[in-house]
$ cat work30.pdb   # PDB, C-alpha atoms, pLDDT in the B column
ATOM      1  CA  MET G  30      83.121 103.814  58.208  1.00 56.00           C
ATOM      2  CA  ARG G  31      79.992 103.707  56.042  1.00 60.00           C
ATOM      3  CA  ASP G  32      76.794 102.098  57.216  1.00 61.00           C
ATOM      4  CA  ALA G  33      75.601  98.920  55.512  1.00 64.00           C
ATOM      5  CA  ARG G  34      73.829  99.603  52.226  1.00 66.00           C
ATOM      6  CA  ARG G  35      70.065  99.804  52.603  1.00 72.00           C
ATOM      7  CA  VAL G  36      67.993  97.384  50.617  1.00 78.00           C
ATOM      8  CA  ARG G  37      65.895  99.058  47.930  1.00 83.00           C
ATOM      9  CA  CYS G  38      62.273  98.036  47.259  1.00 82.00           C
ATOM     10  CA  VAL G  39      61.564  96.893  43.702  1.00 84.00           C
ATOM     11  CA  GLY G  40      57.973  96.527  42.516  1.00 82.00           C
ATOM     12  CA  PHE G  41      58.376  94.082  39.638  1.00 79.00           C
ATOM     13  CA  GLN G  42      60.508  91.243  38.360  1.00 81.00           C
ATOM     14  CA  PRO G  43      61.599  91.668  34.735  1.00 82.00           C
ATOM     15  CA  ASN G  44      60.964  88.812  32.323  1.00 82.00           C
ATOM     16  CA  PHE G  45      64.175  89.673  30.511  1.00 84.00           C
ATOM     17  CA  LEU G  46      67.804  89.813  31.564  1.00 88.00           C
ATOM     18  CA  TYR G  47      69.726  90.829  28.481  1.00 91.00           C
ATOM     19  CA  PHE G  48      69.519  93.376  25.642  1.00 89.00           C
ATOM     20  CA  GLU G  49      71.985  93.607  22.803  1.00 88.00           C
ATOM     21  CA  PRO G  50      72.368  95.667  19.650  1.00 85.00           C
ATOM     22  CA  ARG G  51      71.070  93.941  16.547  1.00 79.00           C
ATOM     23  CA  ALA G  52      74.514  94.076  14.911  1.00 61.00           C
ATOM     24  CA  MET G  53      75.780  91.858  17.763  1.00 53.00           C
ATOM     25  CA  ALA G  54      72.895  89.365  17.644  1.00 51.00           C
ATOM     26  CA  GLY G  55      74.077  86.001  18.878  1.00 54.00           C
ATOM     27  CA  ALA G  56      77.308  87.290  20.404  1.00 53.00           C
ATOM     28  CA  GLY G  57      75.744  87.644  23.860  1.00 50.00           C
ATOM     29  CA  ALA G  58      74.230  84.169  23.872  1.00 47.00           C
ATOM     30  CA  GLN G  59      77.716  82.647  23.615  1.00 48.00           C
ATOM     31  CA  GLY G  60      79.134  84.720  26.462  1.00 46.00           C
ATOM     32  CA  MET G  61      76.184  84.737  28.874  1.00 50.00           C
ATOM     33  CA  GLY G  62      78.193  83.105  31.678  1.00 54.00           C
ATOM     34  CA  PHE G  63      80.584  86.013  32.236  1.00 60.00           C
ATOM     35  CA  TYR G  64      80.686  89.792  32.132  1.00 61.00           C
ATOM     36  CA  ASN G  65      82.694  91.411  29.350  1.00 68.00           C
ATOM     37  CA  PRO G  66      83.165  95.145  30.097  1.00 68.00           C
ATOM     38  CA  LYS G  67      84.136  95.795  26.473  1.00 78.00           C
ATOM     39  CA  THR G  68      80.779  94.647  25.103  1.00 87.00           C
ATOM     40  CA  GLU G  69      78.371  94.780  28.090  1.00 92.00           C
ATOM     41  CA  LYS G  70      77.060  97.159  30.729  1.00 94.00           C
ATOM     42  CA  ILE G  71      75.547  95.756  33.926  1.00 94.00           C
ATOM     43  CA  LEU G  72      72.313  97.482  34.961  1.00 95.00           C
ATOM     44  CA  LYS G  73      71.388  96.680  38.555  1.00 93.00           C
ATOM     45  CA  VAL G  74      67.794  95.737  39.283  1.00 92.00           C
ATOM     46  CA  GLU G  75      67.260  98.857  41.416  1.00 94.00           C
ATOM     47  CA  GLU G  76      68.570 100.988  38.521  1.00 95.00           C
ATOM     48  CA  LEU G  77      66.000  99.387  36.213  1.00 95.00           C
ATOM     49  CA  GLU G  78      63.318 100.059  38.857  1.00 94.00           C
ATOM     50  CA  SER G  79      64.296 103.737  39.004  1.00 96.00           C
ATOM     51  CA  ILE G  80      63.926 103.968  35.201  1.00 96.00           C
ATOM     52  CA  ARG G  81      60.564 102.187  35.382  1.00 95.00           C
ATOM     53  CA  LEU G  82      59.182 104.509  38.046  1.00 95.00           C
ATOM     54  CA  LYS G  83      60.512 107.854  36.793  1.00 96.00           C
ATOM     55  CA  ASP G  84      60.618 107.428  33.010  1.00 96.00           C
ATOM     56  CA  TYR G  85      58.081 104.688  32.233  1.00 95.00           C
ATOM     57  CA  LEU G  86      55.388 105.385  34.866  1.00 95.00           C
ATOM     58  CA  ARG G  87      56.258 109.128  34.883  1.00 97.00           C
ATOM     59  CA  LEU G  88      56.205 109.468  38.648  1.00 96.00           C
ATOM     60  CA  ASP G  89      58.018 112.391  40.217  1.00 96.00           C
ATOM     61  CA  GLN G  90      61.308 111.830  42.011  1.00 96.00           C
ATOM     62  CA  ALA G  91      59.825 112.172  45.511  1.00 96.00           C
ATOM     63  CA  GLU G  92      57.123 109.560  44.884  1.00 96.00           C
ATOM     64  CA  SER G  93      59.587 107.224  43.173  1.00 95.00           C
ATOM     65  CA  ALA G  94      62.030 107.472  46.081  1.00 94.00           C
ATOM     66  CA  LYS G  95      59.240 106.795  48.560  1.00 94.00           C
ATOM     67  CA  LEU G  96      58.137 103.668  46.667  1.00 93.00           C
ATOM     68  CA  MET G  97      61.721 102.369  46.690  1.00 91.00           C
ATOM     69  CA  ASP G  98      62.053 103.247  50.408  1.00 90.00           C
ATOM     70  CA  ILE G  99      65.110 105.436  49.834  1.00 92.00           C
ATOM     71  CA  SER G 100      65.917 109.147  50.104  1.00 94.00           C
ATOM     72  CA  GLN G 101      65.508 111.495  47.146  1.00 96.00           C
ATOM     73  CA  PRO G 102      69.282 112.099  46.852  1.00 96.00           C
ATOM     74  CA  THR G 103      69.875 108.331  46.764  1.00 95.00           C
ATOM     75  CA  PHE G 104      67.160 107.928  44.122  1.00 96.00           C
ATOM     76  CA  HIS G 105      68.807 110.688  42.079  1.00 97.00           C
ATOM     77  CA  ARG G 106      72.192 108.926  42.259  1.00 96.00           C
ATOM     78  CA  ILE G 107      70.642 105.599  41.215  1.00 96.00           C
ATOM     79  CA  ILE G 108      68.712 106.989  38.229  1.00 97.00           C
ATOM     80  CA  THR G 109      71.662 109.127  37.096  1.00 98.00           C
ATOM     81  CA  GLU G 110      73.885 106.035  37.055  1.00 97.00           C
ATOM     82  CA  ALA G 111      71.184 104.068  35.197  1.00 97.00           C
ATOM     83  CA  HIS G 112      70.880 106.798  32.546  1.00 98.00           C
ATOM     84  CA  ARG G 113      74.677 106.927  32.171  1.00 97.00           C
ATOM     85  CA  LYS G 114      74.944 103.151  31.691  1.00 97.00           C
ATOM     86  CA  ILE G 115      72.094 103.036  29.154  1.00 96.00           C
ATOM     87  CA  ALA G 116      73.523 106.000  27.216  1.00 96.00           C
ATOM     88  CA  GLU G 117      76.971 104.380  27.120  1.00 95.00           C
ATOM     89  CA  ALA G 118      75.487 101.102  25.880  1.00 94.00           C
ATOM     90  CA  PHE G 119      73.493 102.839  23.132  1.00 93.00           C
ATOM     91  CA  VAL G 120      76.314 105.124  21.974  1.00 92.00           C
ATOM     92  CA  GLU G 121      79.050 102.474  22.073  1.00 90.00           C
ATOM     93  CA  GLY G 122      76.895  99.571  20.862  1.00 90.00           C
ATOM     94  CA  LYS G 123      77.205  97.549  24.072  1.00 92.00           C
ATOM     95  CA  ALA G 124      74.766  94.962  25.398  1.00 94.00           C
ATOM     96  CA  ILE G 125      72.912  95.561  28.679  1.00 95.00           C
ATOM     97  CA  ARG G 126      72.789  92.783  31.263  1.00 94.00           C
ATOM     98  CA  ILE G 127      70.273  93.178  34.117  1.00 93.00           C
ATOM     99  CA  GLU G 128      71.489  91.616  37.350  1.00 89.00           C
ATOM    100  CA  GLY G 129      72.549  92.152  40.922  1.00 83.00           C
ATOM    101  CA  GLY G 130      72.065  94.993  43.318  1.00 80.00           C
ATOM    102  CA  SER G 131      70.754  95.379  46.834  1.00 78.00           C
ATOM    103  CA  TYR G 132      66.968  95.020  46.731  1.00 81.00           C
ATOM    104  CA  VAL G 133      63.846  93.104  47.702  1.00 82.00           C
ATOM    105  CA  LEU G 134      60.741  92.506  45.640  1.00 82.00           C
ATOM    106  CA  ALA G 135      57.942  94.274  47.469  1.00 76.00           C
ATOM    107  CA  GLU G 136      54.164  94.384  47.465  1.00 66.00           C
ATOM    108  CA  CYS G 137      52.740  96.953  45.079  1.00 53.00           C
ATOM    109  CA  LYS G 138      52.175 100.347  46.704  1.00 54.00           C
ATOM    110  CA  MET G 139      50.283 101.631  43.637  1.00 52.00           C
ATOM    111  CA  PRO G 140      47.429  99.131  43.090  1.00 48.00           C
ATOM    112  CA  ALA G 141      45.445 101.605  40.988  1.00 46.00           C
ATOM    113  CA  ARG G 142      48.297 101.788  38.459  1.00 44.00           C
ATOM    114  CA  CYS G 143      49.083  98.085  38.092  1.00 43.00           C
ATOM    115  CA  GLY G 144      45.770  96.363  38.725  1.00 40.00           C
ATOM    116  CA  GLY G 145      46.326  95.546  42.374  1.00 41.00           C
ATOM    117  CA  GLY G 146      48.357  93.299  44.620  1.00 41.00           C
ATOM    118  CA  ARG G 147      51.689  92.196  43.277  1.00 41.00           C
ATOM    119  CA  HIS G 148      53.163  93.051  39.933  1.00 39.00           C
ATOM    120  CA  LYS G 149      53.203  90.335  37.317  1.00 36.00           C
ATOM    121  CA  GLY G 150      56.056  88.012  38.097  1.00 36.00           C
ATOM    122  CA  GLY G 151      56.526  89.442  41.592  1.00 37.00           C
ATOM    123  CA  ARG G 152      57.382  87.118  44.461  1.00 34.00           C
ATOM    124  CA  GLY G 153      56.535  89.269  47.455  1.00 34.00           C
ATOM    125  CA  HIS G 154      59.368  89.978  49.851  1.00 32.00           C
ATOM    126  CA  LEU G 155      62.605  88.267  48.923  1.00 33.00           C
ATOM    127  CA  ALA G 156      65.953  88.924  50.504  1.00 33.00           C
ATOM    128  CA  SER G 157      68.345  89.989  47.758  1.00 36.00           C
ATOM    129  CA  PHE G 158      67.236  87.733  44.928  1.00 35.00           C
ATOM    130  CA  ASN G 159      69.856  87.933  42.146  1.00 38.00           C
ATOM    131  CA  PHE G 160      68.500  87.633  38.596  1.00 35.00           C
ATOM    132  CA  GLY G 161      72.034  86.764  37.449  1.00 39.00           C
ATOM    133  CA  ASP G 162      71.650  83.329  39.062  1.00 37.00           C
ATOM    134  CA  LYS G 163      69.016  82.440  36.458  1.00 35.00           C
ATOM    135  CA  VAL G 164      71.357  82.926  33.505  1.00 31.00           C
TER     136      VAL G 164
END
$ encode --input "work30.pdb" --output "structure tokens"
Amino acid sequence: MRDARRVRCVGFQPNFLYFEPRAMAGAGAQGMGFYNPKTEKILKVEELESIRLKDYLRLDQAESAKLMDISQPTFHRIITEAHRKIAEAFVEGKAIRIEGGSYVLAECKMPARCGGGRHKGGRGHLASFNFGDKV
């Protein structure tokens, strides 16, 4: 039997929850209450965090994994899945909904990079806050 999934540390709270191709503009607003696998991909919050750390902040995999309080192999699995979901959405013209996952918002461990303390919009330590509840 597998152990319980470890909570991942996330260093920011996105101010957005939904991206959609311009050709579909308006279609997502009507269906925001449910997930449609034909037109949407769900990107977990920890997957977005892995993209932010590795691709946006250009940290190496070891440092990124350490900041998320996970192993490097786990970080690799998370970012690989995030890249796959984003690629599928771009190629197939699907919207991306950001929600769910197993994470906590954590204090910033890189104050020199973000200006100190908590990231904008951060709420400190929260036990599994689900952005999907805001929709």
$ resolve_selection --input "work30.pdb" --expression "the PyMOL selection byres ((chain G and resi 121) around 12)" --output "number ranges by chain"
G: 49-50, 52-53, 66-70, 113-120, 122-125
$ residues_near_point --input "work30.pdb" --point "(69.1, 96.2, 40.9)" --cutoff "8 Å" --atoms "only C-alpha atoms" --output "ChimeraX atom specification"
/G:72-78,127-132
$ atom_distance --input "work30.pdb" --atom1 "atom CA of G:Cys38" --atom2 "atom CA of G:Ile107"
12.8 Å
$ resolve_selection --input "work30.pdb" --expression "the PyMOL selection byres ((chain G and resi 90) around 10)" --output "PyMOL selection string"
chain G and resi 79+82-83+87-89+91-96+100-102+104-105+108
$ atom_distance --input "work30.pdb" --atom1 "atom CA of G:Arg126" --atom2 "atom CA of G:Asp98"
24.3 Å
$ atom_distance --input "work30.pdb" --atom1 "atom CA of G:Pro43" --atom2 "atom CA of G:Glu110"
19.0 Å
$ closest_residue --input "work30.pdb" --among "G:Ile99, G:Leu134, G:Arg106, G:His112" --to "G:Arg35" --atoms "only C-alpha atoms"
G:Ile99
$ closest_residue --input "work30.pdb" --among "G:Met97, G:Val133, G:Thr103, G:Leu46" --to "G:Arg81" --atoms "all atoms listed in the file"
G:Met97
